[in-house]
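The structure appears below as C-alpha cells.
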Amino acid sequence: MPTSPSEPAGRAGRADPAGPSGPATAPTPAPTAAPAAVPRPAAHPGPAAAPVVASAHRAAPARADLAIVGAGPAGLAAAVTAAGLGLRVVLLDAGDRPGGQFYRHPAPGLGAARPEALHHGWAEFATREAALRAHESAGRITYLPLHHVWTVVPVGAAGARRGHGAPATEWILHAVAGHAPEERAVAVTARAVLIATGAYERQLPFPGWTLPGVIGAGGAQAMLKSGLVLPGKRVVVAGSGPLLLAVAGSLAAAGATVPAVVEAASYTAYAGRVPALLRNPGKLVEAAGYGGALARHHVRLLTRHAVTEAHGTERVEAVTVARLDRNWRPLPGTGRRIPCDALAVGHGLVPQLELATGLGCAIRRSPDGTVALELDAEQRTSVPGIWSAGETGGIGGAQLAMIEGELAAHSVAGALPAARLTRSRARLRAFADAMAAAHRPGEGWTGWLRDDAVVCRCEEVPAGRIREAADDLGARDARTVKLLTRAGMGWCQGRMCGPAVAALAGEEGAPDRRPLSCPVPLRHLAELPPAGH
Amino acid sequence: MHSPRSLVGGTPVAAHEITFDGRELPALPGQSIAAVLWGAGILAWRTTREGGAPRGAFCGIGSCFDCLVTVNGRPNQRACLVPARPGDTVTTQEGTGRADLAV
Ligand SMILES: Cc1cc2nc3c(=O)[nH]c(=O)nc-3n(C[C@H](O)[C@@H](O)[C@H](O)COP(=O)(O)OP(=O)(O)OC[C@H]3O[C@@H](n4cnc5c(N)ncnc54)[C@H](O)[C@@H]3O)c2cc1C
Ligand code: FES
C-alpha cells in the first residue's frame, strides 16, 4: 500500500491553469509506480509525526497528508478511503454532523428511530460514517465539525496561488470554529487539499418571493431532514430539476399536502437523452420511486409551468402558476391561482466554488449554465496539490459525489482505483450532463420578473433598478450592476441574486468569487499571516 | 395523519423551552432555532432595514442570511444554523443588528 508519498515529479505540465480541453482529457496515469501526488517538502516530518494541539478542543496532526473541506457524500467518502490508504486526514465541515446536504439527518437528541425514511441509500452513508468513527478513534482521521473554512493559503511558493510559478508545498486552511459567541480561529496545515464544498440552490426571483413561507426547495428538505419540521400544511413545490421530485416526495410523506409540483422544463426533453438514462438503471429506479411516491400522495406534476407570483401580506397565501413557452417565457392569459401556505422553490444547484476560485483553480461552463471546476480524470484541479470532488466539479448527485471522493483519495495517495469506480463516474457524469441540459433555464424566465419585484433580498434592490443599470447606464456584468445598485453586496454575497443579476445584465453567470467564504469576526482576520508566508 | 415524527419514529430525549418575543415555545434537543420557530408555526422573525418587510428562513442551509435573529441579546445569528439551547431568549430583529463581521 502506497502509504509514503515520495517526491513530487511529473506534474510540471499541470502548473498552468487548464484551458477547456486541458486536464479533463488527461489520461488516467499509471498509479502504484507513479510519483505520489502529495507534494512533500524535504524537511517534512511525515505522516508519523506526533500530533500537536492545533485548536483548544481537538488534536489535529501538525501537518496532515490531506485536508478535506466538506463532509458531504464526496468529502466523507474521500476521507475514509484516504485513511484506508494510509493517509493522515483532517476533515473539516461547517455543519455539526457528517453527511452534507443529501445525508442531512436529525440530531441524536431528536431520537429518530428510522432516519433512513428520509433518504435513498442510507446504508451507503451508515457504513462510511462507521468507518469515519473507526478511523477517528485510531487517530487516522481528525474530524472537525462546526469548522467553516473561509480561506486556503499556499505556503512555500510565491505565485502558486494563481496557479503558476512553483507549486506550493503545503497549505494552511483558516476556519471559524463553533457557534457565536464562543467562536474561535483555527488553522490546519496539510500537504494536499480536497475541496468538497458542494452546492447551494439556484434561485430565479419572481414577485413575492421574499414573503415568509416562500423557501428554497432544498431548504425545506434540509429543515425537514434535520429538524423534523414543515413550513406549512399545503406546500406548492416549484422551479426546475429532479430535486423538486425528491422534495415533494418527502414533504408529502411527512404529512404536507402538495397541491402541485410546478416544473419549468419539460421532462420530454429527456427523451432525446435516453441512452444516458438507460445506462443508469439505478437512476431510473430512483425516478420511478419518486413517481410512485408522488402518485401515492396525489401530487400533480405540471411541466412547462412556473410560479410567476406569490401572494400574501404577512405570509404566502397563494401562488399564480402560468404556462411557459419552450424558452421559459410565461404565456399571457394562462395564469391561475393555487391557494397554499408555503412554497418550496429552486431552479437547480450552483457549485460552491469560492475557496477554489480564490486559489486560481480553472473553471468550466456546465450544461446547466452554472460554472464548475475543471477537473482531470483523477479529480485534480489545475492547481497542483488541490483536488475536488462532488458538486463542485458539476452538479451530479450524491452517488457520483461519493465515487469522485473515492477517486480523489486514490489520486492523492498515488494508488490505483478500481476500474469500476472510473466506469461508474463516466456513466453518472453522462447522466448528470443530460439532466443539466434538460433543466437549463430558458432566457424567457425574466418575463415574469416585474420591475417592482425584489431581486437582491439582502439589499432590497428591485428588478427595475437593475434593468436601469443595464439598459441606461450600460452595466454589462454582475460586478458593475453591484457597484451601481448594491445588488449582490449584502450578507449572502450574491449567492441568492447572482444568477438573476447576471441574466438581467445579459451575462451568462459568473463563477463564485468571494474574498471570504463566510462572514469572519474581524479579530480573526487580524490573525492571518501576511501574504507569502 | 402523517407527520415528520410518524415518518422517522422514535421519541426525543428530553424536550425543553425557549422564549420568542416573550412567548414560551417547546423545543426538541438538536433542533435549530429556525426549526423550533417553524414547529410553532412562526415563519418570520426579522424585518428588513429598508422596507421593514418580514423575513424568516429561506435557504435553510446557512447561505442566504435571511433568517438573522437576535439570540440572548446577540443580533445577526443565523437561526437555521444556531441550535436552540434550553432557556434561550430569542427576539425579533429589526433592521440591522450590529455589524461586527467582515463580509
Ligand atoms: C439545500 C440542499 C438540499 C439538498 N437536498 C437533496 C436531497 O434531498 N436529495 C438529493 O438527491 N440531493 C439533494 N441535494 C443535492 C446535493 O448537492 C447532493 O447531490 C449531495 O449532497 C452532494 O454531495 P457533495 O458532497 O458534493 O456536497 P454537499 O452534500 O453539499 O456537502 C458539502 C459539505 O461541505 C460543507 N462546506 C461547504 N463549504 C464549506 C466551507 N467553506 N468550510 C467548511 N465546510 C464547508 C457543507 O457544510 C457540506 O456539509 C441538496 C442540495 C442542497 C443545496
Ligand atoms: S435560512 Fe438561509 S441562512 Fe438561514
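Quick note on naming: the chains in the C-alpha cells go A, B, ... in the order shown, residues restart at 1 in each chain, and ligands are numbered from 1 in order of appearance.
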
Exercise. Any idea which chain A residues end up within 6 Å of chain B if we count only C-alpha atoms, as a ChimeraX atom specification please?
Worked result: /A:107,109-115,117,212,215-216,219,227-229,254-255,492,519-522

Strand (DSSP E) call set, DSSP backbone run, range 325-510 of chain A, as an mmCIF file with N, CA, C and O atoms, in the first residue's frame:
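The resulting selection-v2.cif:
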```
data_model
loop_
_atom_site.group_PDB
_atom_site.id
_atom_site.type_symbol
_atom_site.label_atom_id
_atom_site.label_comp_id
_atom_site.auth_asym_id
_atom_site.auth_seq_id
_atom_site.Cartn_x
_atom_site.Cartn_y
_atom_site.Cartn_z
ATOM 1 N N ARG A 336 -53.143 30.919 -13.273
ATOM 2 C CA ARG A 336 -54.243 30.603 -12.351
ATOM 3 C C ARG A 336 -53.685 30.489 -10.942
ATOM 4 O O ARG A 336 -52.499 30.211 -10.752
ATOM 5 N N ARG A 337 -54.560 30.729 -9.988
ATOM 6 C CA ARG A 337 -54.118 30.779 -8.593
ATOM 7 C C ARG A 337 -54.241 29.429 -7.930
ATOM 8 O O ARG A 337 -55.236 28.730 -8.113
ATOM 9 N N ILE A 338 -53.240 29.073 -7.152
ATOM 10 C CA ILE A 338 -53.328 27.879 -6.310
ATOM 11 C C ILE A 338 -53.148 28.335 -4.861
ATOM 12 O O ILE A 338 -52.109 28.897 -4.514
ATOM 13 N N PRO A 339 -54.153 28.140 -4.015
ATOM 14 C CA PRO A 339 -54.005 28.513 -2.610
ATOM 15 C C PRO A 339 -52.982 27.603 -1.926
ATOM 16 O O PRO A 339 -52.913 26.404 -2.231
ATOM 17 N N ALA A 342 -47.399 27.625 1.950
ATOM 18 C CA ALA A 342 -45.942 27.667 1.765
ATOM 19 C C ALA A 342 -45.622 27.320 0.324
ATOM 20 O O ALA A 342 -46.400 26.659 -0.365
ATOM 21 N N LEU A 343 -44.461 27.805 -0.124
ATOM 22 C CA LEU A 343 -43.975 27.497 -1.469
ATOM 23 C C LEU A 343 -42.508 27.108 -1.341
ATOM 24 O O LEU A 343 -41.711 27.862 -0.786
ATOM 25 N N ALA A 344 -42.153 25.925 -1.832
ATOM 26 C CA ALA A 344 -40.756 25.478 -1.816
ATOM 27 C C ALA A 344 -40.239 25.587 -3.239
ATOM 28 O O ALA A 344 -40.735 24.908 -4.136
ATOM 29 N N VAL A 345 -39.233 26.446 -3.455
ATOM 30 C CA VAL A 345 -38.847 26.762 -4.832
ATOM 31 C C VAL A 345 -37.330 26.716 -5.039
ATOM 32 O O VAL A 345 -36.557 27.093 -4.151
ATOM 33 N N GLY A 346 -36.909 26.213 -6.185
ATOM 34 C CA GLY A 346 -35.483 26.189 -6.524
ATOM 35 C C GLY A 346 -35.316 25.790 -7.981
ATOM 36 O O GLY A 346 -36.141 25.056 -8.525
ATOM 37 N N HIS A 347 -34.273 26.310 -8.611
ATOM 38 C CA HIS A 347 -34.059 26.049 -10.043
ATOM 39 C C HIS A 347 -32.729 25.371 -10.268
ATOM 40 O O HIS A 347 -31.884 25.853 -10.998
ATOM 41 N N LEU A 349 -29.012 23.668 -8.865
ATOM 42 C CA LEU A 349 -27.977 23.953 -7.867
ATOM 43 C C LEU A 349 -26.792 24.648 -8.517
ATOM 44 O O LEU A 349 -26.556 24.517 -9.711
ATOM 45 N N VAL A 350 -26.059 25.386 -7.694
ATOM 46 C CA VAL A 350 -24.869 26.115 -8.152
ATOM 47 C C VAL A 350 -23.662 25.614 -7.357
ATOM 48 O O VAL A 350 -23.681 25.644 -6.123
ATOM 49 N N PRO A 351 -22.614 25.143 -8.020
ATOM 50 C CA PRO A 351 -21.416 24.704 -7.292
ATOM 51 C C PRO A 351 -20.848 25.830 -6.419
ATOM 52 O O PRO A 351 -20.816 26.992 -6.837
ATOM 53 N N ILE A 363 -11.839 26.867 -14.287
ATOM 54 C CA ILE A 363 -13.270 26.580 -14.262
ATOM 55 C C ILE A 363 -13.773 26.225 -15.652
ATOM 56 O O ILE A 363 -13.082 26.432 -16.645
ATOM 57 N N ARG A 364 -14.989 25.674 -15.702
ATOM 58 C CA ARG A 364 -15.620 25.378 -16.985
ATOM 59 C C ARG A 364 -17.114 25.681 -16.869
ATOM 60 O O ARG A 364 -17.647 25.783 -15.778
ATOM 61 N N ARG A 365 -17.785 25.811 -17.996
ATOM 62 C CA ARG A 365 -19.224 26.048 -18.022
ATOM 63 C C ARG A 365 -19.921 24.691 -18.081
ATOM 64 O O ARG A 365 -19.577 23.850 -18.901
ATOM 65 N N VAL A 371 -21.245 27.488 -13.383
ATOM 66 C CA VAL A 371 -19.803 27.347 -13.539
ATOM 67 C C VAL A 371 -19.302 26.305 -12.539
ATOM 68 O O VAL A 371 -19.662 26.334 -11.365
ATOM 69 N N ALA A 372 -18.503 25.356 -13.033
ATOM 70 C CA ALA A 372 -17.966 24.292 -12.184
ATOM 71 C C ALA A 372 -16.454 24.260 -12.344
ATOM 72 O O ALA A 372 -15.894 24.949 -13.199
ATOM 73 N N LEU A 373 -15.778 23.466 -11.525
ATOM 74 C CA LEU A 373 -14.324 23.369 -11.642
ATOM 75 C C LEU A 373 -13.945 22.447 -12.791
ATOM 76 O O LEU A 373 -14.611 21.452 -13.067
ATOM 77 N N ILE A 386 -4.203 20.651 -5.138
ATOM 78 C CA ILE A 386 -5.624 20.880 -4.829
ATOM 79 C C ILE A 386 -6.497 19.943 -5.670
ATOM 80 O O ILE A 386 -6.446 19.976 -6.907
ATOM 81 N N TRP A 387 -7.270 19.101 -4.983
ATOM 82 C CA TRP A 387 -8.221 18.200 -5.639
ATOM 83 C C TRP A 387 -9.641 18.692 -5.347
ATOM 84 O O TRP A 387 -9.840 19.495 -4.441
ATOM 85 N N SER A 388 -10.615 18.166 -6.100
ATOM 86 C CA SER A 388 -12.006 18.484 -5.789
ATOM 87 C C SER A 388 -12.895 17.311 -6.178
ATOM 88 O O SER A 388 -12.558 16.542 -7.089
ATOM 89 N N VAL A 454 -38.452 42.404 -5.935
ATOM 90 C CA VAL A 454 -37.125 42.433 -5.326
ATOM 91 C C VAL A 454 -36.257 41.352 -5.980
ATOM 92 O O VAL A 454 -36.702 40.225 -6.153
ATOM 93 N N VAL A 455 -35.025 41.710 -6.349
ATOM 94 C CA VAL A 455 -34.090 40.712 -6.867
ATOM 95 C C VAL A 455 -33.046 40.387 -5.801
ATOM 96 O O VAL A 455 -32.837 39.239 -5.445
ATOM 97 N N CYS A 456 -32.393 41.435 -5.271
ATOM 98 C CA CYS A 456 -31.415 41.220 -4.204
ATOM 99 C C CYS A 456 -32.149 41.274 -2.875
ATOM 100 O O CYS A 456 -32.615 42.342 -2.459
ATOM 101 N N VAL A 461 -33.028 45.328 -3.567
ATOM 102 C CA VAL A 461 -32.936 46.023 -4.849
ATOM 103 C C VAL A 461 -33.940 45.404 -5.825
ATOM 104 O O VAL A 461 -33.889 44.211 -6.098
ATOM 105 N N PRO A 462 -34.874 46.218 -6.359
ATOM 106 C CA PRO A 462 -35.867 45.677 -7.288
ATOM 107 C C PRO A 462 -35.304 45.511 -8.706
ATOM 108 O O PRO A 462 -34.316 46.153 -9.077
#
```

For this session: Using only C-alpha atoms and all ligand atoms, find each residue with an atom at most 7 Å away from ligand 1 and format the answer as a ChimeraX atom specification.
Result: /A:69-75,92-95,98-103,147-150,196-201,218-219,221-222,243,246-247,349,352,355,389-392,395-398,401,517 /B:59-61

For this session: Just the residues within 6 Å of range 89-91 of chain B, please, counting only C-alpha atoms, with nothing from its chain fewer than 2 positions along; format it as a PyMOL selection string.
Result: chain B and resi 19-21+70-72

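Of the residues under consideration (A:Pro108, A:Gly213, A:Pro181, A:Pro145), A:Gly213 shows the shortest atom-to-atom contact distance to ligand 2 when counting only C-alpha atoms and all ligand atoms.
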
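Distance-wise, CA of Glu374 in chain A and CA of Leu416 in chain A end up 21.5 Å apart.
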
Problem set entry | Which of B:Arg23, B:Cys67, B:His16, B:Arg46 sits closest to ligand 2 [using only C-alpha atoms and all ligand atoms] |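 The answer is B:Cys67, which sits nearest to ligand 2.
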
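For the residues B:Pro86, B:Ile18, B:Val69, B:Gln93, ranking by smallest atom-to-atom distance to ligand 2 using only C-alpha atoms and all ligand atoms places B:Val69 first.
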
For this session: Please give the complete set of residues from chain B that DSSP, run on the backbone, assigns to helix (DSSP H, G or I), formatted as a PyMOL selection string.
Result: chain B and resi 4-8+33-39

For this session: Give me the residues within 12 Å of Tyr267 in chain A as a list in words, counting only C-alpha atoms and dropping any in the same chain fewer than 5 places off.
Result: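 In the requested format, the answer is Ser240, Gly241, Pro242, Leu245, Val262, Gly272, Arg273, Val274, Ala287, Leu301, Leu302, Thr303, Arg304, His305, Arg326, Ala434, Met435, Ala436, Ala437, Ala438 and His439 of chain A.
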
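Of the residues listed (A:Cys458, A:Arg191, A:Gly86, A:Leu484), A:Cys458 shows the shortest atom-to-atom separation from ligand 2; distances use only C-alpha atoms and all ligand atoms.
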
For this session: Compare B:Thr47, B:Glu24, B:Ala79, B:Arg85 by their minimum atom-to-atom distance to ligand 2, counting only C-alpha atoms and all ligand atoms, and give me the closest one.
Result: B:Ala79

Exercise. Of the candidates A:Thr257, A:Thr357, A:Thr210, A:Ser411, which one gets nearest to ligand 2 if we count only C-alpha atoms and all ligand atoms?
Worked result: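 Smallest separation from ligand 2 among the options: A:Thr210.
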
For this session: Could you give me, as a PyMOL selection string, the residues within 9 Å of His174 in chain A, counting only C-alpha atoms and dropping anything in the same chain fewer than 2 positions from it?
Result: chain A and resi 148-153+172+176+185-188+528
